[in-house]
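Student: Sharing model.txt here; it has compact mmCIF, C-alpha atoms.
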# COMPACT_ATOMS: atom_id res chain seq x y z
CA MET A 1 22.73 53.17 -26.85
CA HIS A 2 22.59 50.18 -29.15
CA THR A 3 18.99 49.37 -30.11
CA GLY A 4 19.62 46.04 -31.81
CA HIS A 5 19.11 47.44 -35.32
CA THR A 6 22.42 46.04 -36.54
CA GLY A 7 22.49 43.00 -34.25
CA MET A 8 21.48 41.80 -30.80
CA GLU A 9 25.03 41.14 -29.57
CA LYS A 10 25.24 44.68 -28.14
CA PHE A 11 21.56 45.30 -27.49
CA GLY A 12 21.14 47.68 -24.56
CA TYR A 13 24.86 48.54 -24.40
CA PHE A 14 26.28 52.05 -24.44
CA ASP A 15 27.58 53.38 -27.70
CA LYS A 16 28.90 56.58 -26.13
CA LEU A 17 28.96 57.86 -22.55
CA ASN A 18 29.03 61.61 -21.99
CA GLY A 19 30.21 61.98 -25.57
CA LEU A 20 33.09 59.54 -25.09
CA ASP A 21 33.44 56.04 -26.46
CA HIS A 22 35.74 54.96 -23.60
CA LEU A 23 36.32 55.47 -19.88
CA PRO A 24 39.03 58.09 -19.26
CA HIS A 25 40.13 56.75 -15.86
CA TRP A 26 42.01 53.73 -17.15
CA ASP A 27 44.82 53.25 -19.61
CA GLY A 28 44.33 49.89 -21.28
CA GLU A 29 41.63 47.62 -22.64
CA PRO A 30 39.23 46.19 -21.63
CA CYS A 31 39.15 48.52 -18.62
CA ARG A 32 38.42 51.53 -20.86
CA SER A 33 35.49 49.84 -22.61
CA ILE A 34 31.97 51.14 -22.13
CA GLN A 35 30.35 48.18 -23.91
CA ALA A 36 27.95 47.45 -21.06
CA SER A 37 24.35 47.92 -20.06
CA GLU A 38 23.10 50.44 -17.53
CA GLY A 39 20.81 47.73 -16.14
CA SER A 40 17.54 48.07 -18.07
CA PHE A 41 18.24 45.81 -21.05
CA PHE A 42 20.76 43.10 -21.86
CA PRO A 43 21.49 41.10 -25.02
CA PRO A 44 18.98 38.20 -24.97
CA ARG A 45 20.80 34.96 -24.42
CA ASP A 46 18.38 32.95 -26.60
CA LEU A 47 19.58 34.98 -29.59
CA THR A 48 23.23 35.65 -28.81
CA GLN A 49 24.05 32.29 -27.15
CA LYS A 50 26.59 34.10 -24.97
CA ASP A 51 27.05 33.36 -21.27
CA VAL A 52 28.58 36.70 -20.27
CA VAL A 53 26.94 40.12 -20.16
CA TYR A 54 28.27 43.40 -18.75
CA ILE A 55 26.78 46.08 -16.55
CA TYR A 56 28.19 49.56 -15.97
CA ASP A 57 28.37 51.16 -12.52
CA LYS A 58 29.26 54.86 -12.58
CA ASP A 59 30.24 54.87 -8.88
CA LEU A 60 32.84 52.19 -9.53
CA CYS A 61 34.02 53.77 -12.80
CA ARG A 62 34.05 50.40 -14.54
CA THR A 63 32.03 47.62 -16.11
CA LEU A 64 31.27 44.41 -14.24
CA PRO A 65 31.06 40.99 -15.96
CA LEU A 66 28.02 38.82 -15.16
CA VAL A 67 28.30 35.10 -15.90
CA TYR A 68 25.37 32.78 -16.62
CA ARG A 69 24.80 30.13 -13.94
CA GLU A 70 21.46 28.35 -14.37
CA PRO A 71 17.83 28.76 -15.47
CA VAL A 72 15.45 29.99 -12.79
CA GLU A 73 11.87 31.25 -12.53
CA LYS A 74 10.52 34.54 -11.22
CA ASP A 75 6.76 35.12 -10.72
CA GLY A 76 5.96 32.36 -13.20
CA ILE A 77 8.32 33.81 -15.83
CA SER A 78 11.40 31.93 -16.96
CA ALA A 79 14.75 33.67 -16.40
CA ASP A 80 18.50 33.10 -16.47
CA LEU A 81 20.53 33.59 -13.31
CA TYR A 82 23.73 35.62 -13.69
CA THR A 83 26.24 36.29 -10.95
CA LEU A 84 29.37 38.38 -10.74
CA ALA A 85 32.46 36.66 -12.11
CA LYS A 86 34.64 35.32 -9.31
CA ASP A 87 37.73 37.04 -10.70
CA ALA A 88 35.98 40.36 -11.40
CA TYR A 89 38.06 42.08 -8.66
CA GLY A 90 41.13 39.89 -9.02
CA PRO A 91 43.47 38.12 -9.10
CA PRO A 92 45.09 40.03 -11.93
CA ASN A 93 44.34 38.55 -15.34
CA GLU A 94 43.80 39.70 -18.89
CA ASN A 95 40.39 41.11 -18.00
CA ASN A 96 41.28 43.16 -14.92
CA SER A 97 45.05 43.65 -14.84
CA CYS A 98 44.59 47.17 -16.25
CA PHE A 99 42.86 48.13 -12.97
CA ASP A 100 46.03 47.38 -10.95
CA HIS A 101 48.14 50.03 -9.31
CA ASP A 102 51.84 49.81 -8.57
CA HIS A 103 51.47 51.35 -5.12
CA TYR A 104 49.43 48.65 -3.42
CA LYS A 105 49.72 44.97 -2.77
CA LYS A 106 47.56 42.90 -5.07
CA TYR A 107 44.92 40.83 -3.29
CA TYR A 108 42.46 38.30 -4.61
CA GLY A 109 38.97 39.88 -4.73
CA LEU A 110 40.15 43.46 -4.18
CA GLN A 111 40.39 46.22 -6.77
CA ASN A 112 41.82 49.69 -6.73
CA ILE A 113 39.49 52.49 -7.92
CA SER A 114 41.57 55.42 -6.70
CA PRO A 115 41.92 56.92 -10.23
CA CYS A 116 38.21 57.82 -10.23
CA GLN A 117 38.15 58.82 -6.54
CA TYR A 118 40.51 61.77 -6.87
CA GLY A 119 43.48 59.64 -5.88
CA ALA A 120 42.11 58.49 -2.51
CA PRO A 121 43.20 54.93 -1.55
CA VAL A 122 39.73 53.46 -2.06
CA TYR A 123 39.26 49.81 -2.97
CA ILE A 124 36.21 47.75 -3.76
CA SER A 125 35.30 44.13 -3.03
CA ASN A 126 32.29 41.97 -2.38
CA PRO A 127 30.49 42.67 0.92
CA HIS A 128 32.14 41.05 3.93
CA PHE A 129 35.04 40.11 1.65
CA TYR A 130 32.92 37.42 0.05
CA GLN A 131 35.07 35.44 -2.46
CA SER A 132 38.13 37.49 -1.46
CA ASP A 133 41.55 36.65 -0.09
CA PRO A 134 41.21 35.07 3.42
CA GLN A 135 43.91 37.48 4.70
CA LEU A 136 41.47 40.35 4.22
CA LEU A 137 38.83 38.63 6.30
CA ASP A 138 41.25 37.59 9.04
CA ALA A 139 42.54 41.15 9.46
CA VAL A 140 39.21 42.36 10.85
CA GLU A 141 36.52 41.05 13.17
CA GLY A 142 32.73 40.74 12.83
CA LEU A 143 32.48 39.87 9.14
CA GLN A 144 30.53 36.79 8.01
CA PRO A 145 30.31 36.31 4.24
CA ASP A 146 26.97 34.95 3.00
CA PRO A 147 26.23 34.41 -0.72
CA GLU A 148 22.48 34.96 -0.18
CA GLN A 149 23.10 38.44 1.18
CA HIS A 150 26.42 39.51 -0.31
CA GLU A 151 26.50 38.18 -3.88
CA THR A 152 25.81 40.34 -6.94
CA TYR A 153 23.25 38.69 -9.21
CA PHE A 154 20.72 39.32 -11.98
CA LYS A 155 17.73 37.33 -13.21
CA ILE A 156 17.34 38.16 -16.90
CA GLN A 157 14.55 37.01 -19.20
CA PRO A 158 16.38 35.10 -21.99
CA LYS A 159 14.00 36.06 -24.84
CA LEU A 160 13.60 39.77 -24.12
CA GLY A 161 16.81 40.55 -22.24
CA VAL A 162 14.81 42.33 -19.53
CA PRO A 163 15.97 41.91 -15.91
CA LEU A 164 13.25 40.59 -13.63
CA GLU A 165 15.33 40.98 -10.51
CA GLY A 166 18.85 42.10 -9.76
CA GLN A 167 21.12 43.46 -7.07
CA VAL A 168 24.61 44.98 -7.29
CA ARG A 169 26.36 44.63 -3.94
CA VAL A 170 29.70 46.33 -3.37
CA GLN A 171 31.84 47.06 -0.34
CA LEU A 172 34.05 50.15 -0.10
CA ASN A 173 37.36 49.69 1.67
CA LEU A 174 40.14 52.04 2.70
CA LEU A 175 43.78 51.03 2.53
CA VAL A 176 45.48 51.78 5.85
CA GLU A 177 49.29 51.90 5.83
CA LYS A 178 51.68 52.31 8.69
CA ALA A 179 53.01 55.90 9.00
CA PRO A 180 55.84 55.90 11.50
CA ASN A 181 56.36 59.64 11.19
CA VAL A 182 52.82 60.44 12.25
CA MET A 183 52.44 60.20 16.01
CA ALA A 184 48.70 59.32 15.89
CA THR A 185 49.12 56.41 13.49
CA LYS A 186 52.68 55.24 14.05
CA ASP A 187 51.50 52.05 15.71
CA PHE A 188 48.94 51.16 12.99
CA ARG A 189 49.54 48.05 10.93
CA ASP A 190 48.98 47.73 7.20
CA PHE A 191 45.52 46.35 6.39
CA VAL A 192 42.39 46.99 4.33
CA PHE A 193 39.72 48.59 6.45
CA PRO A 194 36.08 47.94 5.37
CA ILE A 195 34.10 51.17 5.55
CA MET A 196 30.63 50.20 4.33
CA TRP A 197 28.82 48.05 1.80
CA LEU A 198 25.86 49.03 -0.30
CA GLU A 199 23.20 47.36 -2.40
CA GLU A 200 21.37 48.78 -5.38
CA GLY A 201 18.95 47.14 -7.77
CA VAL A 202 15.35 45.98 -8.10
CA SER A 203 13.57 43.20 -6.25
CA GLU A 204 10.13 43.30 -7.86
CA LEU A 205 8.77 44.64 -11.12
CA THR A 206 5.68 46.82 -11.19
CA PRO A 207 2.47 44.88 -11.97
CA PRO A 208 1.94 46.45 -15.46
CA ILE A 209 5.49 45.61 -16.58
CA ARG A 210 5.30 42.12 -15.10
CA ARG A 211 1.93 41.56 -16.84
CA TRP A 212 3.28 42.58 -20.26
CA ILE A 213 6.37 40.41 -19.84
CA TYR A 214 4.18 37.46 -18.83
CA LEU A 215 1.95 37.92 -21.89
CA ALA A 216 4.97 38.20 -24.20
CA THR A 217 6.97 35.27 -22.83
CA VAL A 218 4.42 32.82 -21.35
CA PHE A 219 0.96 33.41 -22.81
CA ALA A 220 1.89 34.36 -26.38
CA PRO A 221 4.16 31.32 -27.07
CA THR A 222 1.31 29.05 -25.93
CA ALA A 223 -1.65 30.86 -27.51
CA LEU A 224 -0.01 31.70 -30.84
CA PRO A 225 0.49 28.09 -32.03
CA ILE A 226 -3.04 27.16 -30.94
CA LEU A 227 -4.48 30.15 -32.79
CA SER A 228 -2.38 29.47 -35.88
CA TYR A 229 -3.29 25.78 -36.09
CA GLY A 230 -6.93 26.63 -35.40
CA MET A 231 -7.02 29.07 -38.31
CA ILE A 232 -5.31 26.52 -40.58
CA LEU A 233 -7.84 23.81 -39.67
CA THR A 234 -10.75 26.22 -40.13
CA GLY A 235 -9.52 27.18 -43.58
CA ALA A 236 -8.99 23.52 -44.52
CA PHE A 237 -12.53 22.56 -43.45
CA ALA A 238 -13.96 25.52 -45.35
CA MET A 239 -12.13 24.48 -48.53
CA ILE A 240 -13.28 20.87 -48.15
CA TYR A 241 -16.88 21.99 -47.66
CA VAL A 242 -16.80 24.19 -50.77
CA PHE A 243 -15.19 21.41 -52.80
CA VAL A 244 -17.81 18.86 -51.76
CA ARG A 245 -20.66 21.25 -52.50
CA ALA A 246 -19.23 22.04 -55.92
CA TYR A 247 -18.77 18.35 -56.62
CA LYS A 248 -22.36 17.57 -55.76
CA ASN A 249 -23.76 20.46 -57.81
CA PHE A 250 -22.22 20.64 -61.25
CA VAL A 251 -18.42 20.74 -61.42
CA PHE A 252 -17.69 17.02 -61.60
CA THR A 253 -21.06 15.61 -62.73
CA ASP A 254 -21.22 13.19 -65.75
CA ASP A 255 -23.77 15.31 -67.64
CA PRO A 256 -23.54 19.07 -67.01
CA THR A 257 -27.11 19.57 -68.33
CA THR A 258 -28.68 17.16 -65.84
CA GLU A 259 -29.10 19.80 -63.18
CA LEU A 260 -30.58 22.27 -65.66
CA LEU A 261 -33.04 19.69 -67.00
CA GLU A 262 -34.11 18.76 -63.51
CA MET A 263 -34.72 22.40 -62.71
CA GLY A 264 -36.80 22.73 -65.90
CA ARG A 265 -38.90 19.69 -65.00
CA ARG A 266 -39.58 21.06 -61.57
CA SER A 267 -40.68 24.36 -63.12
CA LEU A 268 -43.01 22.57 -65.57
CA ARG A 269 -44.58 20.54 -62.78
CA ARG A 270 -45.25 23.67 -60.77
CA GLY A 271 -46.79 25.38 -63.86
CA SER A 272 -48.99 22.37 -64.70
CA HIS A 273 -50.25 22.23 -61.15
CA LEU A 274 -51.24 25.90 -61.29
CA ILE A 275 -53.03 25.45 -64.67
CA SER A 276 -54.92 22.39 -63.42
CA ASN A 277 -56.07 24.23 -60.33
CA GLY A 278 -57.22 27.15 -62.51
CA GLN A 279 -59.23 24.90 -64.81
CA HIS A 280 -60.84 23.19 -61.87
CA ARG A 281 -62.00 26.51 -60.55
CA ILE A 282 -63.33 27.51 -64.02
CA LEU A 283 -65.28 24.28 -64.57
CA HIS A 284 -67.04 24.50 -61.20
CA ARG A 285 -67.93 28.13 -61.40
CA ASP A 286 -71.70 28.76 -61.81
CA SER A 287 -71.62 31.85 -63.97
CA TYR A 288 -72.90 32.57 -67.43
CA ILE A 289 -72.28 34.95 -70.31
CA LEU A 290 -75.27 36.33 -72.10
CA LEU A 291 -75.20 36.62 -75.90
CA LYS A 292 -77.62 38.64 -77.97
CA ALA A 293 -79.93 36.57 -80.14
CA ASN A 294 -82.45 37.44 -82.89
CA GLY A 295 -84.80 34.52 -82.85
CA GLY A 296 -87.86 34.02 -80.77
CA THR A 297 -86.65 30.70 -79.48
CA ALA A 298 -83.56 29.82 -77.47
CA MET A 299 -81.74 26.80 -76.08
CA VAL A 300 -80.36 26.63 -72.60
CA ALA A 301 -77.00 24.96 -71.84
CA PRO A 302 -77.02 23.74 -68.30
CA SER A 303 -74.00 24.01 -66.15
CA ALA A 304 -72.09 21.08 -64.77
CA THR A 305 -73.82 21.53 -61.44
CA ASP A 306 -77.27 21.42 -63.03
CA ALA A 307 -76.33 18.28 -64.95
CA ALA A 308 -75.17 16.60 -61.79
CA GLU A 309 -78.33 17.59 -59.97
CA ALA A 310 -80.45 16.26 -62.87
CA ASP A 311 -78.65 12.94 -62.82
CA ASN A 312 -79.17 12.65 -59.11
CA THR A 313 -82.88 13.45 -59.50
CA VAL A 314 -83.31 10.76 -62.17
CA GLY A 315 -81.44 8.19 -60.06
CA THR A 316 -83.40 8.84 -56.86
CA GLU A 317 -86.83 9.43 -58.33
CA SER A 318 -87.07 6.73 -60.97
CA ASN A 319 -90.71 6.06 -60.11
CA SER A 320 -91.86 9.58 -61.07
CA SER A 321 -93.63 10.02 -64.36
CA SER A 322 -91.66 11.31 -67.33
CA SER A 323 -94.50 13.61 -68.34
CA SER A 324 -94.28 15.55 -65.07
CA ASN A 325 -90.52 16.07 -65.54
CA ASN A 326 -90.97 17.25 -69.08
CA ASN A 327 -93.62 19.74 -68.03
CA ASN A 328 -91.37 21.09 -65.30
CA HIS A 329 -88.46 21.54 -67.74
CA LEU A 330 -90.67 23.28 -70.28
CA LEU A 331 -92.01 25.63 -67.64
CA HIS A 332 -88.48 26.39 -66.44
CA ASN A 333 -87.27 27.09 -69.97
CA HIS A 334 -90.30 29.29 -70.67
CA ASN A 335 -89.54 31.40 -67.61
CA LEU A 336 -85.89 31.78 -68.60
CA LEU A 337 -86.87 32.90 -72.09
CA HIS A 338 -89.26 35.56 -70.80
CA SER A 339 -86.75 36.82 -68.15
CA HIS A 340 -83.87 37.22 -70.59
CA HIS A 341 -85.81 38.56 -73.54
CA HIS A 342 -85.07 35.88 -76.07
CA LEU A 343 -81.26 35.74 -75.44
CA TYR A 344 -79.06 32.70 -75.93
CA ILE A 345 -77.28 31.40 -72.82
CA GLN A 346 -73.84 29.62 -72.92
CA PRO A 347 -71.29 28.58 -70.22
CA LYS A 348 -68.43 30.95 -69.60
CA ASP A 349 -65.74 28.56 -70.76
CA GLN A 350 -67.07 28.47 -74.37
CA SER A 351 -66.18 30.96 -77.05
CA LEU A 352 -68.20 34.09 -77.35
CA LEU A 353 -69.88 33.88 -80.71
CA ALA A 354 -72.41 36.53 -81.80
CA GLU A 355 -74.94 35.24 -84.28
CA GLU A 356 -75.92 37.33 -87.25
CA ASP A 357 -79.36 38.76 -87.38
CA SER A 358 -81.71 36.64 -89.55
CA PRO A 359 -85.37 36.99 -90.54
CA ALA A 360 -87.92 35.14 -88.46
For the file at hand, write its structure as structure tokens.
Tutor:
Amino acid sequence: MHTGHTGMEKFGYFDKLNGLDHLPHWDGEPCRSIQASEGSFFPPRDLTQKDVVYIYDKDLCRTLPLVYREPVEKDGISADLYTLAKDAYGPPNENNSCFDHDHYKKYYGLQNISPCQYGAPVYISNPHFYQSDPQLLDAVEGLQPDPEQHETYFKIQPKLGVPLEGQVRVQLNLLVEKAPNVMATKDFRDFVFPIMWLEEGVSELTPPIRRWIYLATVFAPTALPILSYGMILTGAFAMIYVFVRAYKNFVFTDDPTTELLEMGRRSLRRGSHLISNGQHRILHRDSYILLKANGGTAMVAPSATDAAEADNTVGTESNSSSSSNNNNHLLHNHNLLHSHHHLYIQPKDQSLLAEEDSPA
């Protein structure tokens, strides 16, 4: 079986049949050829651009040519309609003359297959002698050819070469000849007697196979371009976004150090704000550091809060006597001196300086 590895012209065709590369029942070409499909796969027409494909029927011991007619649709899937060639069974031509036999009269639409039927005078045609010589139809009664019921056809997906629907319809006929020496048949006339006609093929695909074919031939050709263009646009927008961001930051600026300087200024502003807040907390903190002193007298450094309170007292009580205020301050200082045992007092934000011991 050809898999299409070397080309799609023979995709799905037999390479050998029962170990033979030809049909042994016939003498010449193309009747001996086995270059045909068994019905599962055909060369895809979209790739080969050929209008004729072949199918092999083992009961007929030959290949049958199928000719492209028109595009059709099956279950929402596009397909190509192929029908049996009108001259497949005759009249004799370069494609079927090798099927002829010297012992029978050649009719249009009738073919001898006796070599593969053990020599029996069996002939094949379309059912009800459809597309056959009118003499064959006139020789019998009750036959009504109808292309809808009696024509061989295939609906093949042109991209995959998979048949979506197909029927092979064949009629078996027996050649009856006058035998004057046989008492039972001496009055018979010569004619082709239709025995039966049969139909084999597929009308519907199974749902899983039909689903996969639909995805491969209908959905994928539509979704793939949309997905491809969508990915291209997404990538383009991403590149534009990165380019614009880089342009705004530092790649194409006039001064490459501008961004760095701005970052430094922001850092300095944040640091200055923290230092200012720390100093504010230090200046308003009412705490003191005690230093050892040697003398019997000491001076008190009031805090910022005490100074503010003193200013407020002076402003609001201007009518009070200065002598009373002085006495109150002296009493307050005297108490501080006795409570701290002659130690100097300084605010926390000044330097810690220890005085040397000196004589009184």
Student: Calculated over all atoms listed in the file, which of the candidates A:Asn249, A:Thr234, A:Pro92, A:Leu174 has the smallest distance to Asp190 of chain A?
Tutor: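 Checking each of A:Asn249, A:Thr234, A:Pro92, A:Leu174 against Asp190 of chain A, counting all atoms listed in the file, the winner is A:Leu174.
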Student: Between atom CA of Phe42 of chain A and atom CA of Leu64 of chain A, what is the distance in Å, rounded to a tenth?
Tutor: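 Value for the atom CA of Phe42 of chain A-atom CA of Leu64 of chain A distance: 13.0 Å.
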Student: Centre and edge lengths of an axis-aligned box around all listed atoms of segment 30-41 of chain A, with 4 Å added on each side, are to be given in Å to one decimal, as AutoDock Vina command-line options.
Tutor:
--center_x 28.4 --center_y 48.7 --center_z -20.0 --size_x 29.7 --size_y 13.7 --size_z 15.8
Student: Please list as a list in words every residue within 10 Å of Gln135 of chain A, counting only C-alpha atoms and excluding residues in the same chain fewer than 4 positions away.
Tutor: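 Result of the neighbour search: Tyr107, Tyr108, Phe129, Ala139, Val140, Phe191 and Val192 of chain A.
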Student: What does the structure give for the distance between atom CA of Asp75 of chain A and atom CA of Arg210 of chain A, in Å to one decimal?
Tutor: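 These atoms are spaced 8.4 Å apart.
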Student: Would you pick out the contacts of Lys58 of chain A at 12 Å or less, using only C-alpha atoms, so that residues sharing its chain but fewer than 6 positions from it are not included, and give the list as JSON, numbers by chain?
Tutor: {"A": [17, 18, 23, 25, 34, 36, 37, 38, 39, 64, 113, 116, 117]}
Student: Could you check which of A:Tyr54, A:Glu199, A:Tyr68, A:Asn96 is closest to Gly28 of chain A, using only C-alpha atoms?
Tutor: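 The shortest atom-to-atom distance to Gly28 of chain A comes from A:Asn96.
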Student: As an exercise, work out the distance from atom CA of Pro121 of chain A to atom CA of Gln167 of chain A in Å and give it to one decimal place.
Tutor: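 Computing it gives 25.5 Å between the two atoms.
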Student: For Lys86 of chain A, which residue out of A:Phe188, A:Phe14, A:Tyr130, A:Tyr56 is the nearest one, using only C-alpha atoms?
Tutor: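 Distance minimum relative to Lys86 of chain A lands on A:Tyr130.
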Student: Taking (11.2, 40.6, -11.1) in the file's coordinates as the center, which residues reach within 8 Å of it, counting all atoms listed in the file, put as a list in words?
Tutor: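 The residues near that point, listed by chain and number, are Lys74, Asp75, Lys155, Pro163, Leu164, Glu165, Gly166, Val202, Ser203, Glu204, Leu205 and Arg210 of chain A.
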Student: Could you list as a PyMOL selection string every residue that has an atom within 12 Å of (24.6, 47.9, -32.5), using the file's coordinates and counting all atoms listed in the file?
Tutor: chain A and resi 1-16+35-36+43
Student: Near Val53 of chain A, within 7 Å and counting only C-alpha atoms, which residues show up once chain neighbours fewer than 6 positions away are dropped, as a list in words?
Tutor: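 Listing them by chain and then by number gives Pro65, Leu66 and Val67 of chain A.
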Student: Rebuild segment 238-249 of chain A to N, CA, C and O atoms - output it as a CSV table (one decimal), keeping the file's coordinate frame, please.
Tutor:
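Written out: out_11.csv:
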chain,number,residue,atom,x,y,z
A,238,ALA,N,-13.2,24.7,-44.4
A,238,ALA,CA,-14.0,25.5,-45.4
A,238,ALA,C,-13.7,25.1,-46.8
A,238,ALA,O,-14.6,25.0,-47.6
A,239,MET,N,-12.5,24.9,-47.2
A,239,MET,CA,-12.1,24.5,-48.5
A,239,MET,C,-12.7,23.1,-48.9
A,239,MET,O,-13.3,22.9,-50.0
A,240,ILE,N,-12.7,22.2,-47.9
A,240,ILE,CA,-13.3,20.9,-48.2
A,240,ILE,C,-14.8,21.0,-48.4
A,240,ILE,O,-15.4,20.3,-49.2
A,241,TYR,N,-15.4,21.8,-47.5
A,241,TYR,CA,-16.9,22.0,-47.7
A,241,TYR,C,-17.2,22.6,-49.0
A,241,TYR,O,-18.2,22.1,-49.7
A,242,VAL,N,-16.5,23.6,-49.5
A,242,VAL,CA,-16.8,24.2,-50.8
A,242,VAL,C,-16.6,23.2,-51.9
A,242,VAL,O,-17.3,23.1,-52.8
A,243,PHE,N,-15.5,22.4,-51.8
A,243,PHE,CA,-15.2,21.4,-52.8
A,243,PHE,C,-16.3,20.4,-52.9
A,243,PHE,O,-16.7,20.0,-54.0
A,244,VAL,N,-16.8,19.9,-51.7
A,244,VAL,CA,-17.8,18.9,-51.8
A,244,VAL,C,-19.1,19.4,-52.3
A,244,VAL,O,-19.8,18.8,-53.1
A,245,ARG,N,-19.5,20.6,-51.9
A,245,ARG,CA,-20.7,21.2,-52.5
A,245,ARG,C,-20.6,21.4,-54.0
A,245,ARG,O,-21.5,21.2,-54.7
A,246,ALA,N,-19.4,21.9,-54.5
A,246,ALA,CA,-19.2,22.0,-55.9
A,246,ALA,C,-19.3,20.7,-56.6
A,246,ALA,O,-19.8,20.6,-57.7
A,247,TYR,N,-18.7,19.7,-56.0
A,247,TYR,CA,-18.8,18.4,-56.6
A,247,TYR,C,-20.2,17.8,-56.8
A,247,TYR,O,-20.6,17.3,-57.8
A,248,LYS,N,-21.0,18.0,-55.7
A,248,LYS,CA,-22.4,17.6,-55.8
A,248,LYS,C,-23.2,18.4,-56.7
A,248,LYS,O,-24.2,17.9,-57.3
A,249,ASN,N,-22.9,19.6,-57.0
A,249,ASN,CA,-23.8,20.5,-57.8
A,249,ASN,C,-23.5,20.2,-59.3
A,249,ASN,O,-24.3,19.7,-60.0
